[in-house]
file coords_1.txt (compact mmCIF, C-alpha atoms)
# COMPACT_ATOMS: atom_id res chain seq x y z
CA MET A 70 169.80 76.19 61.09
CA ASN A 71 172.15 73.40 62.17
CA SER A 72 175.47 74.95 63.08
CA LYS A 73 178.65 72.99 62.50
CA ARG A 74 181.08 75.75 63.37
CA TYR A 75 180.97 75.76 67.15
CA GLU A 76 182.98 73.63 69.53
CA VAL A 77 181.58 72.10 72.71
CA LEU A 78 183.15 72.50 76.11
CA ASN A 79 181.70 69.82 78.38
CA THR A 80 181.24 70.80 82.00
CA GLU A 81 179.64 69.40 85.13
CA GLY A 82 176.76 71.74 84.40
CA VAL A 83 175.29 72.52 81.00
CA PRO A 84 177.60 72.53 77.95
CA VAL A 85 179.35 75.60 76.57
CA LYS A 86 179.11 76.06 72.80
CA SER A 87 181.91 78.30 71.56
CA TRP A 88 182.34 79.90 68.14
CA THR A 89 186.10 80.20 68.63
CA ARG A 90 187.74 78.28 65.79
CA GLY A 91 190.85 80.09 64.61
CA VAL A 92 190.84 82.71 67.39
CA PRO A 93 192.53 82.79 70.81
CA PHE A 94 190.45 81.36 73.68
CA GLU A 95 192.24 81.86 76.99
CA ALA A 96 192.11 79.27 79.77
CA LYS A 97 190.82 81.78 82.35
CA ALA A 98 187.90 82.67 80.09
CA LYS A 99 187.10 78.96 79.68
CA GLN A 100 187.06 78.56 83.45
CA GLN A 101 184.69 81.50 83.82
CA LEU A 102 182.35 79.90 81.30
CA ILE A 103 182.54 76.59 83.18
CA ASN A 104 181.59 78.45 86.37
CA ILE A 105 178.62 80.09 84.66
CA ALA A 106 177.51 76.77 83.15
CA SER A 107 177.38 75.26 86.65
CA MET A 108 174.64 77.64 87.79
CA PRO A 109 171.35 75.75 88.28
CA PHE A 110 169.13 78.07 86.23
CA ILE A 111 170.99 78.10 82.87
CA HIS A 112 168.70 77.17 79.97
CA ARG A 113 170.17 74.49 77.66
CA TRP A 114 173.76 75.82 77.34
CA VAL A 115 175.99 78.90 77.41
CA ALA A 116 177.13 80.36 74.08
CA ALA A 117 180.60 81.90 73.71
CA MET A 118 181.24 84.28 70.84
CA PRO A 119 184.57 84.48 68.94
CA ASP A 120 185.58 87.68 70.76
CA VAL A 121 185.32 85.89 74.11
CA HIS A 122 187.76 86.97 76.84
CA LEU A 123 188.07 87.23 80.60
CA GLY A 124 185.60 89.55 82.29
CA MET A 125 184.42 90.47 85.78
CA GLY A 126 182.40 87.51 87.03
CA ALA A 127 180.98 86.66 83.63
CA THR A 128 182.97 86.28 80.45
CA ILE A 129 182.91 89.08 77.91
CA GLY A 130 181.59 87.65 74.65
CA SER A 131 179.08 85.31 76.31
CA VAL A 132 175.37 84.69 75.92
CA ILE A 133 173.72 83.45 79.10
CA PRO A 134 170.09 82.27 78.96
CA THR A 135 168.50 81.88 82.39
CA VAL A 136 165.17 80.75 83.78
CA GLY A 137 163.99 82.22 87.06
CA ALA A 138 167.07 84.34 87.85
CA VAL A 139 169.44 87.03 86.58
CA ILE A 140 173.11 87.67 87.42
CA PRO A 141 173.84 91.42 87.71
CA ALA A 142 177.60 91.04 87.20
CA ALA A 143 176.90 89.17 83.96
CA VAL A 144 175.38 92.35 82.59
CA GLY A 145 178.18 94.34 84.19
CA VAL A 146 178.43 98.02 85.02
CA ASP A 147 178.41 99.51 81.52
CA ILE A 148 174.72 98.71 81.17
CA GLY A 149 173.34 99.20 77.67
CA CYS A 150 176.77 99.76 76.14
CA GLY A 151 176.45 99.40 72.41
CA MET A 152 176.87 100.79 68.93
CA MET A 153 175.19 103.16 66.51
CA ALA A 154 176.02 103.72 62.85
CA VAL A 155 174.63 105.87 60.06
CA GLN A 156 175.42 106.04 56.38
CA THR A 157 175.66 109.60 55.05
CA ASP A 158 175.28 110.99 51.54
CA LEU A 159 178.96 111.98 51.60
CA THR A 160 181.74 110.20 49.76
CA ALA A 161 185.49 110.33 50.35
CA SER A 162 185.88 113.05 47.71
CA ASP A 163 183.63 115.36 49.77
CA LEU A 164 186.07 115.36 52.69
CA PRO A 165 189.03 117.72 53.14
CA ASP A 166 192.52 116.38 52.54
CA GLN A 167 193.46 117.18 56.12
CA LEU A 168 191.08 115.48 58.56
CA PHE A 169 192.39 117.03 61.78
CA THR A 170 189.80 119.83 61.62
CA LEU A 171 187.00 117.26 61.44
CA ARG A 172 188.35 115.39 64.46
CA SER A 173 188.77 118.62 66.42
CA GLU A 174 185.23 119.77 65.64
CA ILE A 175 183.78 116.42 66.78
CA GLU A 176 185.89 116.51 69.94
CA ALA A 177 184.57 120.00 70.67
CA ALA A 178 180.96 118.92 70.11
CA VAL A 179 181.01 115.77 72.26
CA PRO A 180 182.64 115.70 75.72
CA HIS A 181 185.05 112.78 75.99
CA GLY A 182 187.73 111.42 78.30
CA ARG A 183 187.87 112.12 82.01
CA SER A 184 189.72 114.52 84.28
CA VAL A 185 189.67 114.29 88.05
CA GLY A 186 191.06 116.38 90.87
CA ARG A 187 190.05 118.86 93.51
CA ASN A 188 188.34 121.94 92.08
CA LYS A 189 188.78 120.47 88.60
CA ARG A 190 185.78 120.03 86.31
CA ASP A 191 185.57 116.68 84.55
CA LYS A 192 186.19 117.39 80.87
CA GLY A 193 184.11 114.32 80.01
CA ALA A 194 180.94 115.78 81.57
CA TRP A 195 178.81 118.81 80.83
CA GLY A 196 179.31 121.95 82.88
CA ASN A 197 176.30 123.84 81.57
CA ILE A 198 173.70 121.44 80.19
CA PRO A 199 172.97 122.22 76.50
CA ASP A 200 169.36 122.57 75.38
CA ASP A 201 169.35 119.36 73.34
CA VAL A 202 170.63 117.37 76.30
CA ALA A 203 168.16 118.99 78.70
CA GLN A 204 165.28 118.19 76.35
CA ALA A 205 166.33 114.54 76.06
CA TRP A 206 166.83 114.28 79.82
CA ALA A 207 163.28 115.54 80.42
CA ALA A 208 161.93 112.26 79.04
CA LEU A 209 164.27 110.16 81.22
CA ALA A 210 164.03 112.20 84.43
CA PRO A 211 160.63 111.07 85.83
CA ASP A 212 161.59 107.39 85.97
CA PHE A 213 165.00 108.30 87.35
CA GLU A 214 163.32 110.20 90.18
CA LEU A 215 161.45 107.01 91.05
CA LEU A 216 164.69 105.04 91.01
CA LYS A 217 166.34 107.60 93.30
CA SER A 218 163.46 107.40 95.75
CA GLU A 219 164.09 103.65 96.13
CA HIS A 220 167.88 103.75 95.87
CA LYS A 221 169.42 106.77 97.62
CA VAL A 222 172.86 105.79 96.32
CA LEU A 223 171.82 107.05 92.88
CA LYS A 224 171.23 110.59 94.12
CA ASN A 225 174.80 111.88 93.65
CA THR A 226 175.54 110.42 90.22
CA ASN A 227 176.57 111.87 86.91
CA ASN A 228 173.22 111.46 85.16
CA VAL A 229 172.21 114.45 83.05
CA GLN A 230 175.85 115.64 83.20
CA HIS A 231 176.93 112.52 81.25
CA LEU A 232 174.04 112.34 78.78
CA GLY A 233 175.45 112.86 75.28
CA THR A 234 179.06 112.22 76.34
CA LEU A 235 181.48 109.54 75.18
CA GLY A 236 183.50 108.36 78.15
CA THR A 237 186.86 106.59 78.12
CA GLY A 238 188.42 103.21 77.37
CA ASN A 239 187.15 101.48 74.25
CA HIS A 240 184.40 104.04 73.58
CA PHE A 241 184.86 105.95 70.34
CA ILE A 242 183.39 108.04 67.54
CA GLU A 243 184.62 107.24 64.03
CA LEU A 244 184.23 108.43 60.48
CA CYS A 245 184.56 105.44 58.15
CA LEU A 246 184.53 104.65 54.45
CA ASP A 247 182.70 101.61 53.09
CA GLU A 248 183.56 99.50 50.05
CA GLU A 249 182.08 102.17 47.75
CA GLN A 250 183.89 105.06 49.49
CA ARG A 251 180.71 106.29 51.17
CA VAL A 252 181.13 108.05 54.50
CA TRP A 253 179.66 106.49 57.63
CA VAL A 254 179.59 107.71 61.21
CA MET A 255 179.88 105.02 63.87
CA LEU A 256 180.04 105.37 67.64
CA HIS A 257 180.29 103.23 70.75
CA SER A 258 179.20 104.14 74.29
CA GLY A 259 176.74 103.20 77.03
CA SER A 260 175.00 104.45 80.15
CA ARG A 261 178.04 106.28 81.54
CA GLY A 262 178.40 107.12 85.24
CA VAL A 263 174.81 106.55 86.25
CA GLY A 264 174.73 103.11 84.62
CA ASN A 265 177.95 102.21 86.39
CA ARG A 266 176.45 103.18 89.74
CA ILE A 267 173.30 101.16 89.05
CA GLY A 268 175.33 98.11 88.09
CA THR A 269 177.68 98.34 91.08
CA HIS A 270 174.80 98.93 93.49
CA PHE A 271 172.89 95.82 92.43
CA ILE A 272 175.95 93.59 92.17
CA GLU A 273 176.65 94.35 95.83
CA LYS A 274 173.01 93.70 96.76
CA ALA A 275 173.14 90.31 95.03
CA LYS A 276 176.33 89.36 96.90
CA LYS A 277 174.74 90.28 100.23
CA ASP A 278 171.67 88.22 99.35
CA MET A 279 173.88 85.20 98.69
CA GLU A 280 175.54 85.63 102.09
CA ARG A 281 172.20 85.98 103.83
CA TRP A 282 170.83 82.84 102.19
CA PHE A 283 174.08 80.85 102.67
CA ILE A 284 174.34 80.14 98.95
CA GLN A 285 177.76 78.91 97.83
CA LEU A 286 178.96 80.06 94.41
CA PRO A 287 181.95 79.10 92.22
CA ASP A 288 182.64 82.85 91.93
CA GLN A 289 181.03 85.49 94.14
CA ASP A 290 180.53 87.69 91.08
CA LEU A 291 177.92 85.15 89.94
CA ALA A 292 175.60 86.30 92.74
CA TYR A 293 172.05 86.39 91.42
CA PHE A 294 168.51 87.56 92.06
CA PRO A 295 165.72 84.93 91.93
CA GLU A 296 162.80 86.00 89.78
CA GLY A 297 159.92 87.40 91.83
CA SER A 298 162.14 88.73 94.61
CA ASP A 299 162.08 92.44 95.43
CA HIS A 300 165.63 92.95 94.28
CA PHE A 301 164.98 91.11 91.02
CA ASN A 302 162.10 93.41 90.13
CA GLN A 303 164.05 96.50 91.19
CA TYR A 304 167.06 95.43 89.13
CA VAL A 305 165.08 94.71 85.97
CA THR A 306 163.40 98.12 86.26
CA ALA A 307 166.73 99.91 86.81
CA VAL A 308 168.44 98.08 83.95
CA ALA A 309 165.61 98.93 81.57
CA TRP A 310 166.03 102.60 82.45
CA ALA A 311 169.83 102.46 82.01
CA GLN A 312 169.41 100.78 78.61
CA ALA A 313 167.02 103.54 77.55
CA TYR A 314 169.54 106.14 78.78
CA ALA A 315 172.31 104.47 76.76
CA LYS A 316 170.20 104.57 73.61
CA VAL A 317 169.44 108.27 74.03
CA ASN A 318 173.10 108.95 74.86
CA ARG A 319 174.16 107.53 71.50
CA GLN A 320 171.43 109.42 69.63
CA ILE A 321 172.57 112.77 71.06
CA MET A 322 176.23 112.09 70.26
CA MET A 323 175.36 111.01 66.73
CA GLN A 324 173.38 114.17 66.02
CA ARG A 325 176.13 116.35 67.50
CA THR A 326 178.74 114.55 65.38
CA LEU A 327 176.71 114.99 62.20
CA THR A 328 176.27 118.69 62.98
CA ALA A 329 180.03 119.02 63.57
CA ILE A 330 180.70 117.51 60.14
CA GLU A 331 178.22 119.93 58.55
CA ASN A 332 179.98 122.85 60.26
CA VAL A 333 183.35 121.84 58.82
CA LEU A 334 182.07 121.08 55.32
CA LYS A 335 179.69 124.05 55.37
CA ARG A 336 176.90 122.01 53.80
CA PRO A 337 173.94 119.96 55.06
CA LEU A 338 174.19 116.21 54.87
CA ILE A 339 171.70 113.38 54.79
CA ALA A 340 172.24 110.52 57.23
CA ARG A 341 170.36 107.24 57.00
CA VAL A 342 170.33 104.95 59.99
CA GLN A 343 171.49 101.45 59.02
CA ALA A 344 172.07 99.77 62.35
CA VAL A 345 170.96 101.82 65.28
CA ASN A 346 171.58 101.30 68.96
CA CYS A 347 172.36 97.63 69.12
CA HIS A 348 173.17 97.07 72.79
CA HIS A 349 175.84 94.55 73.67
CA ASN A 350 175.74 94.59 77.51
CA TYR A 351 172.14 93.98 78.45
CA ILE A 352 169.29 91.63 79.37
CA SER A 353 166.13 90.92 77.43
CA GLN A 354 163.16 88.59 77.68
CA GLU A 355 163.14 86.18 74.75
CA HIS A 356 161.77 82.79 73.72
CA HIS A 357 164.29 80.04 72.97
CA TYR A 358 163.78 76.29 72.72
CA ASN A 359 160.15 76.35 73.90
CA LYS A 360 160.89 78.45 76.94
CA ASP A 361 160.55 82.09 77.94
CA VAL A 362 164.00 83.04 79.22
CA TRP A 363 166.11 85.98 80.29
CA VAL A 364 169.00 86.38 77.88
CA THR A 365 172.05 88.20 79.19
CA ARG A 366 174.40 89.30 76.43
CA LYS A 367 177.73 90.31 77.95
CA GLY A 368 179.67 91.68 75.00
CA ALA A 369 177.37 90.06 72.46
CA VAL A 370 174.84 91.38 69.95
CA SER A 371 171.38 90.16 69.02
CA ALA A 372 171.48 88.59 65.54
CA LYS A 373 167.95 87.45 64.80
CA GLU A 374 167.23 86.58 61.20
CA GLY A 375 167.37 89.78 59.16
CA GLU A 376 168.35 91.95 62.15
CA MET A 377 171.03 94.56 61.45
CA GLY A 378 174.02 94.89 63.75
CA ILE A 379 177.49 96.38 64.07
CA ILE A 380 180.74 94.52 64.81
CA PRO A 381 183.63 97.00 65.19
CA GLY A 382 187.30 96.16 64.96
CA SER A 383 190.05 98.02 66.82
CA MET A 384 191.02 101.64 66.14
CA GLY A 385 193.20 100.53 63.22
CA ALA A 386 191.14 97.67 61.82
CA ARG A 387 188.03 97.22 59.72
CA SER A 388 184.49 97.13 61.12
CA PHE A 389 181.38 95.43 59.78
CA ILE A 390 177.71 96.19 59.32
CA VAL A 391 176.07 92.76 59.51
CA ARG A 392 172.74 91.05 59.10
CA GLY A 393 171.74 88.32 61.54
CA LEU A 394 171.17 84.78 60.34
CA GLY A 395 169.00 83.80 63.30
CA ASN A 396 171.15 80.87 64.45
CA ALA A 397 169.17 79.31 67.28
CA GLU A 398 172.20 77.57 68.76
CA SER A 399 173.85 80.91 69.57
CA PHE A 400 170.48 82.11 70.91
CA CYS A 401 170.44 84.38 67.84
CA SER A 402 173.60 86.23 68.84
CA CYS A 403 176.99 87.26 67.45
CA SER A 404 180.16 88.92 68.70
CA HIS A 405 180.23 92.59 69.72
CA GLY A 406 183.72 93.28 68.40
CA ALA A 407 187.18 91.78 68.07
CA GLY A 408 187.80 90.99 71.74
CA ARG A 409 190.93 91.71 73.72
CA VAL A 410 194.01 89.51 73.75
CA MET A 411 195.98 91.83 76.05
CA SER A 412 194.87 93.56 79.22
CA ARG A 413 195.20 97.33 79.22
CA THR A 414 198.24 97.13 81.51
CA GLU A 415 199.86 94.46 79.33
CA ALA A 416 199.30 96.48 76.15
CA LYS A 417 201.00 99.53 77.64
CA LYS A 418 203.99 97.39 78.62
CA ARG A 419 204.32 95.44 75.37
CA VAL A 420 203.43 97.92 72.63
CA SER A 421 205.66 100.90 71.88
CA LEU A 422 204.36 104.26 70.75
CA GLU A 423 206.10 103.75 67.41
CA GLU A 424 204.28 100.42 66.93
CA HIS A 425 200.99 102.08 67.80
CA LYS A 426 201.60 104.87 65.29
CA ALA A 427 202.41 102.32 62.57
CA ALA A 428 199.26 100.30 63.37
CA THR A 429 197.03 103.39 63.10
CA GLN A 430 198.69 104.89 60.05
CA GLY A 431 196.17 106.51 57.76
CA VAL A 432 193.73 107.20 60.62
CA GLU A 433 193.32 110.72 62.00
CA CYS A 434 193.43 109.85 65.70
CA ARG A 435 195.32 110.33 68.94
CA GLN A 436 198.76 108.76 68.82
CA ASP A 437 200.01 109.29 72.35
CA PRO A 438 200.95 106.92 75.21
CA ASP A 439 197.54 107.25 76.90
CA VAL A 440 195.77 105.36 74.08
CA ILE A 441 198.21 102.48 73.68
CA ASP A 442 195.87 100.27 75.78
CA GLU A 443 193.49 100.55 72.78
CA THR A 444 196.10 99.83 70.11
CA PRO A 445 195.13 97.26 67.44
CA ALA A 446 197.63 94.67 68.76
CA ALA A 447 195.63 94.49 72.01
CA TYR A 448 192.73 92.91 70.09
CA LYS A 449 192.10 89.68 68.19
CA PRO A 450 192.30 89.93 64.39
CA ILE A 451 188.80 91.02 63.38
CA GLU A 452 188.95 89.02 60.11
CA LYS A 453 189.48 85.80 62.10
CA VAL A 454 186.63 86.73 64.41
CA MET A 455 184.32 87.21 61.43
CA GLN A 456 185.36 83.89 59.89
CA ALA A 457 184.55 82.08 63.14
CA GLN A 458 180.95 83.33 63.06
CA GLU A 459 180.02 82.95 59.41
CA ASP A 460 176.97 80.95 60.48
CA LEU A 461 175.78 83.72 62.82
CA VAL A 462 175.85 86.80 60.57
CA GLU A 463 176.43 87.86 57.00
CA ILE A 464 178.50 90.92 56.17
CA VAL A 465 176.53 93.72 54.49
CA HIS A 466 179.16 96.49 54.55
CA THR A 467 182.85 96.61 55.38
CA LEU A 468 184.03 99.86 56.94
CA LYS A 469 187.51 101.32 57.47
CA GLN A 470 187.90 104.27 59.79
CA ILE A 471 189.64 107.45 58.67
CA VAL A 472 188.92 109.51 61.79
CA CYS A 473 188.80 108.13 65.33
CA VAL A 474 187.89 110.09 68.46
CA LYS A 475 188.87 108.40 71.74
CA GLY A 476 188.27 109.46 75.31

call {"tool": "encode", "arguments": {"input": "coords_1.txt", "output": "structure tokens"}}
result
Amino acid sequence: MNSKRYEVLNTEGVPVKSWTRGVPFEAKAKQQLINIASMPFIHRWVAAMPDVHLGMGATIGSVIPTVGAVIPAAVGVDIGCGMMAVQTDLTASDLPDQLFTLRSEIEAAVPHGRSVGRNKRDKGAWGNIPDDVAQAWAALAPDFELLKSEHKVLKNTNNVQHLGTLGTGNHFIELCLDEEQRVWVMLHSGSRGVGNRIGTHFIEKAKKDMERWFIQLPDQDLAYFPEGSDHFNQYVTAVAWAQAYAKVNRQIMMQRTLTAIENVLKRPLIARVQAVNCHHNYISQEHHYNKDVWVTRKGAVSAKEGEMGIIPGSMGARSFIVRGLGNAESFCSCSHGAGRVMSRTEAKKRVSLEEHKAATQGVECRQDPDVIDETPAAYKPIEKVMQAQEDLVEIVHTLKQIVCVKG
């Protein structure tokens, strides 16, 4: 497929192809992409998705194909973060008029948020591990024990305590209606505390390697591991485990959410997986332009031809179930969401609580000062983002949330 929708940013390294027509594209994000494109192991070009914005080291909304190396900070610390969605047999008419009870039941079923302090249990973690979580952890535990034996820093992490929990920030659980008023459940989370520790641990190792080898970088967060090195192999193994953890984390939360809905409605429901566990912070081995490469998607989703994916909007905007078009020039990728236009600090300064309430009208959700950093105005317009990537995905379903659980 010959794309005509991207723009080319020429650099001293490889080009950057950006699907950003009609959406904001900040100068600092462009500079990050230029820095990434200057790395000597980039394959062909870097692809920027329409939700592109400034990130730590690597730009969020970027697709980075590499040969012979990986950049841990390009994956980031929320390893395996991604989406899961199911379509249920419910319709809008099956739901109660007042949705607060549904939100409360989901919040009770899935730990969310975070509380810290001396002698204070974190509300976003399990105290007593439930049976379903313990059973799921049993399959992950053996490989984690091996990781701990090699990396002592992982010993005191929230691992099983965070499995099946939501977290904070832009992570959410939503009940949505599609164009035919069918009820969907959609959620967003990743590898939680243990994934964060894995990411941070290896980012620091990569930086120390660069110092030891006297390698100069345009940004120290672009520190990398050469393929075949001990740290490279250790990192790939650890990331694969964290991605598996993230997938199981979403599965547990989804089942707990569906059970919570059944408890409120006092009836069983049927849920059919439409687009399950599409990571958007991860690495994978793929074949592009006659070469086996490592593809790092930092806030980007795989969109191979026919592949189902999820592109959420903000907590007051529409979301989309999509089907990939297999556009080779984006390395078969699409955006992972709307993309921020305000930092969290900026959003809290610029958006009033009244504006946030107006923007989330009709959604059963938190409407307090602590969630203003997630207000719809902090994000790019999702409709513009979708228009900019019409050659990457086709829309299968359009969803609008009616219940939103935030950490």

call {"tool": "residues_around", "arguments": {"input": "coords_1.txt", "residues": "Ala106 in chain A", "least_positions_apart": "6", "cutoff": "12 Å", "atoms": "only C-alpha atoms", "output": "ChimeraX atom specification"}}
result
/A:78-86,99-100,112-117,127-128,131-135,286-288,291

call {"tool": "write_last_selection", "arguments": {"input": "coords_1.txt", "atoms": "C-alpha atoms", "output": "PDB file, keeping the file's coordinate frame"}}
result
ATOM      1  CA  LEU A  78     183.150  72.500  76.110  1.00  0.00           C
ATOM      2  CA  ASN A  79     181.700  69.820  78.380  1.00  0.00           C
ATOM      3  CA  THR A  80     181.240  70.800  82.000  1.00  0.00           C
ATOM      4  CA  GLU A  81     179.640  69.400  85.130  1.00  0.00           C
ATOM      5  CA  GLY A  82     176.760  71.740  84.400  1.00  0.00           C
ATOM      6  CA  VAL A  83     175.290  72.520  81.000  1.00  0.00           C
ATOM      7  CA  PRO A  84     177.600  72.530  77.950  1.00  0.00           C
ATOM      8  CA  VAL A  85     179.350  75.600  76.570  1.00  0.00           C
ATOM      9  CA  LYS A  86     179.110  76.060  72.800  1.00  0.00           C
ATOM     10  CA  LYS A  99     187.100  78.960  79.680  1.00  0.00           C
ATOM     11  CA  GLN A 100     187.060  78.560  83.450  1.00  0.00           C
ATOM     12  CA  HIS A 112     168.700  77.170  79.970  1.00  0.00           C
ATOM     13  CA  ARG A 113     170.170  74.490  77.660  1.00  0.00           C
ATOM     14  CA  TRP A 114     173.760  75.820  77.340  1.00  0.00           C
ATOM     15  CA  VAL A 115     175.990  78.900  77.410  1.00  0.00           C
ATOM     16  CA  ALA A 116     177.130  80.360  74.080  1.00  0.00           C
ATOM     17  CA  ALA A 117     180.600  81.900  73.710  1.00  0.00           C
ATOM     18  CA  ALA A 127     180.980  86.660  83.630  1.00  0.00           C
ATOM     19  CA  THR A 128     182.970  86.280  80.450  1.00  0.00           C
ATOM     20  CA  SER A 131     179.080  85.310  76.310  1.00  0.00           C
ATOM     21  CA  VAL A 132     175.370  84.690  75.920  1.00  0.00           C
ATOM     22  CA  ILE A 133     173.720  83.450  79.100  1.00  0.00           C
ATOM     23  CA  PRO A 134     170.090  82.270  78.960  1.00  0.00           C
ATOM     24  CA  THR A 135     168.500  81.880  82.390  1.00  0.00           C
ATOM     25  CA  LEU A 286     178.960  80.060  94.410  1.00  0.00           C
ATOM     26  CA  PRO A 287     181.950  79.100  92.220  1.00  0.00           C
ATOM     27  CA  ASP A 288     182.640  82.850  91.930  1.00  0.00           C
ATOM     28  CA  LEU A 291     177.920  85.150  89.940  1.00  0.00           C
TER      29      LEU A 291
END

call {"tool": "closest_residue", "arguments": {"input": "coords_1.txt", "among": "A:Ile103, A:Val77, A:Met125, A:Ala446", "to": "Asp147 in chain A", "atoms": "only C-alpha atoms"}}
result
A:Met125

call {"tool": "closest_residue", "arguments": {"input": "coords_1.txt", "among": "A:Glu443, A:Val139, A:Ile379, A:Ile471", "to": "Ser298 in chain A", "atoms": "only C-alpha atoms"}}
result
A:Val139

call {"tool": "residues_near_point", "arguments": {"input": "coords_1.txt", "point": "(171.8, 91.6, 101.3)", "cutoff": "12 Å", "atoms": "all atoms listed in the file", "output": "ChimeraX atom specification"}}
result
/A:270-284,292-294,299-300

call {"tool": "residues_around", "arguments": {"input": "coords_1.txt", "residues": "range 417-427 of chain A", "least_positions_apart": "5", "cutoff": "8 Å", "atoms": "only C-alpha atoms", "output": "NGL selection string"}}
result
:A and (436-438 or 441-442 or 444-446)

call {"tool": "build_atoms", "arguments": {"input": "coords_1.txt", "residues": "range 93-111 of chain A", "atoms": "N, CA and C atoms", "output": "CSV table (one decimal), in the frame of the given file"}}
result
chain,number,residue,atom,x,y,z
A,93,PRO,N,192.1,83.1,69.5
A,93,PRO,CA,192.5,82.8,70.8
A,93,PRO,C,191.4,82.6,71.8
A,94,PHE,N,191.5,81.6,72.7
A,94,PHE,CA,190.4,81.4,73.7
A,94,PHE,C,191.2,81.0,75.0
A,95,GLU,N,191.4,82.0,75.8
A,95,GLU,CA,192.2,81.9,77.0
A,95,GLU,C,191.6,80.9,78.0
A,96,ALA,N,192.5,80.3,78.8
A,96,ALA,CA,192.1,79.3,79.8
A,96,ALA,C,191.2,79.9,80.9
A,97,LYS,N,191.6,81.1,81.3
A,97,LYS,CA,190.8,81.8,82.4
A,97,LYS,C,189.4,82.1,81.9
A,98,ALA,N,189.2,82.4,80.6
A,98,ALA,CA,187.9,82.7,80.1
A,98,ALA,C,187.1,81.4,80.1
A,99,LYS,N,187.8,80.3,79.7
A,99,LYS,CA,187.1,79.0,79.7
A,99,LYS,C,186.6,78.6,81.1
A,100,GLN,N,187.5,78.9,82.1
A,100,GLN,CA,187.1,78.6,83.4
A,100,GLN,C,185.9,79.4,83.9
A,101,GLN,N,185.8,80.7,83.5
A,101,GLN,CA,184.7,81.5,83.8
A,101,GLN,C,183.4,80.9,83.2
A,102,LEU,N,183.5,80.5,82.0
A,102,LEU,CA,182.4,79.9,81.3
A,102,LEU,C,181.9,78.6,82.0
A,103,ILE,N,182.9,77.8,82.4
A,103,ILE,CA,182.5,76.6,83.2
A,103,ILE,C,181.8,76.9,84.5
A,104,ASN,N,182.3,78.0,85.1
A,104,ASN,CA,181.6,78.4,86.4
A,104,ASN,C,180.1,78.9,86.1
A,105,ILE,N,180.0,79.6,85.0
A,105,ILE,CA,178.6,80.1,84.7
A,105,ILE,C,177.7,78.9,84.3
A,106,ALA,N,178.3,77.9,83.6
A,106,ALA,CA,177.5,76.8,83.2
A,106,ALA,C,177.1,75.9,84.3
A,107,SER,N,177.7,76.1,85.5
A,107,SER,CA,177.4,75.3,86.6
A,107,SER,C,176.2,75.8,87.4
A,108,MET,N,175.8,77.0,87.1
A,108,MET,CA,174.6,77.6,87.8
A,108,MET,C,173.4,76.9,87.5
A,109,PRO,N,172.5,76.7,88.4
A,109,PRO,CA,171.4,75.8,88.3
A,109,PRO,C,170.2,76.2,87.4
A,110,PHE,N,170.3,77.5,87.0
A,110,PHE,CA,169.1,78.1,86.2
A,110,PHE,C,169.5,78.4,84.8
A,111,ILE,N,170.6,77.9,84.3
A,111,ILE,CA,171.0,78.1,82.9
A,111,ILE,C,170.1,77.3,82.0
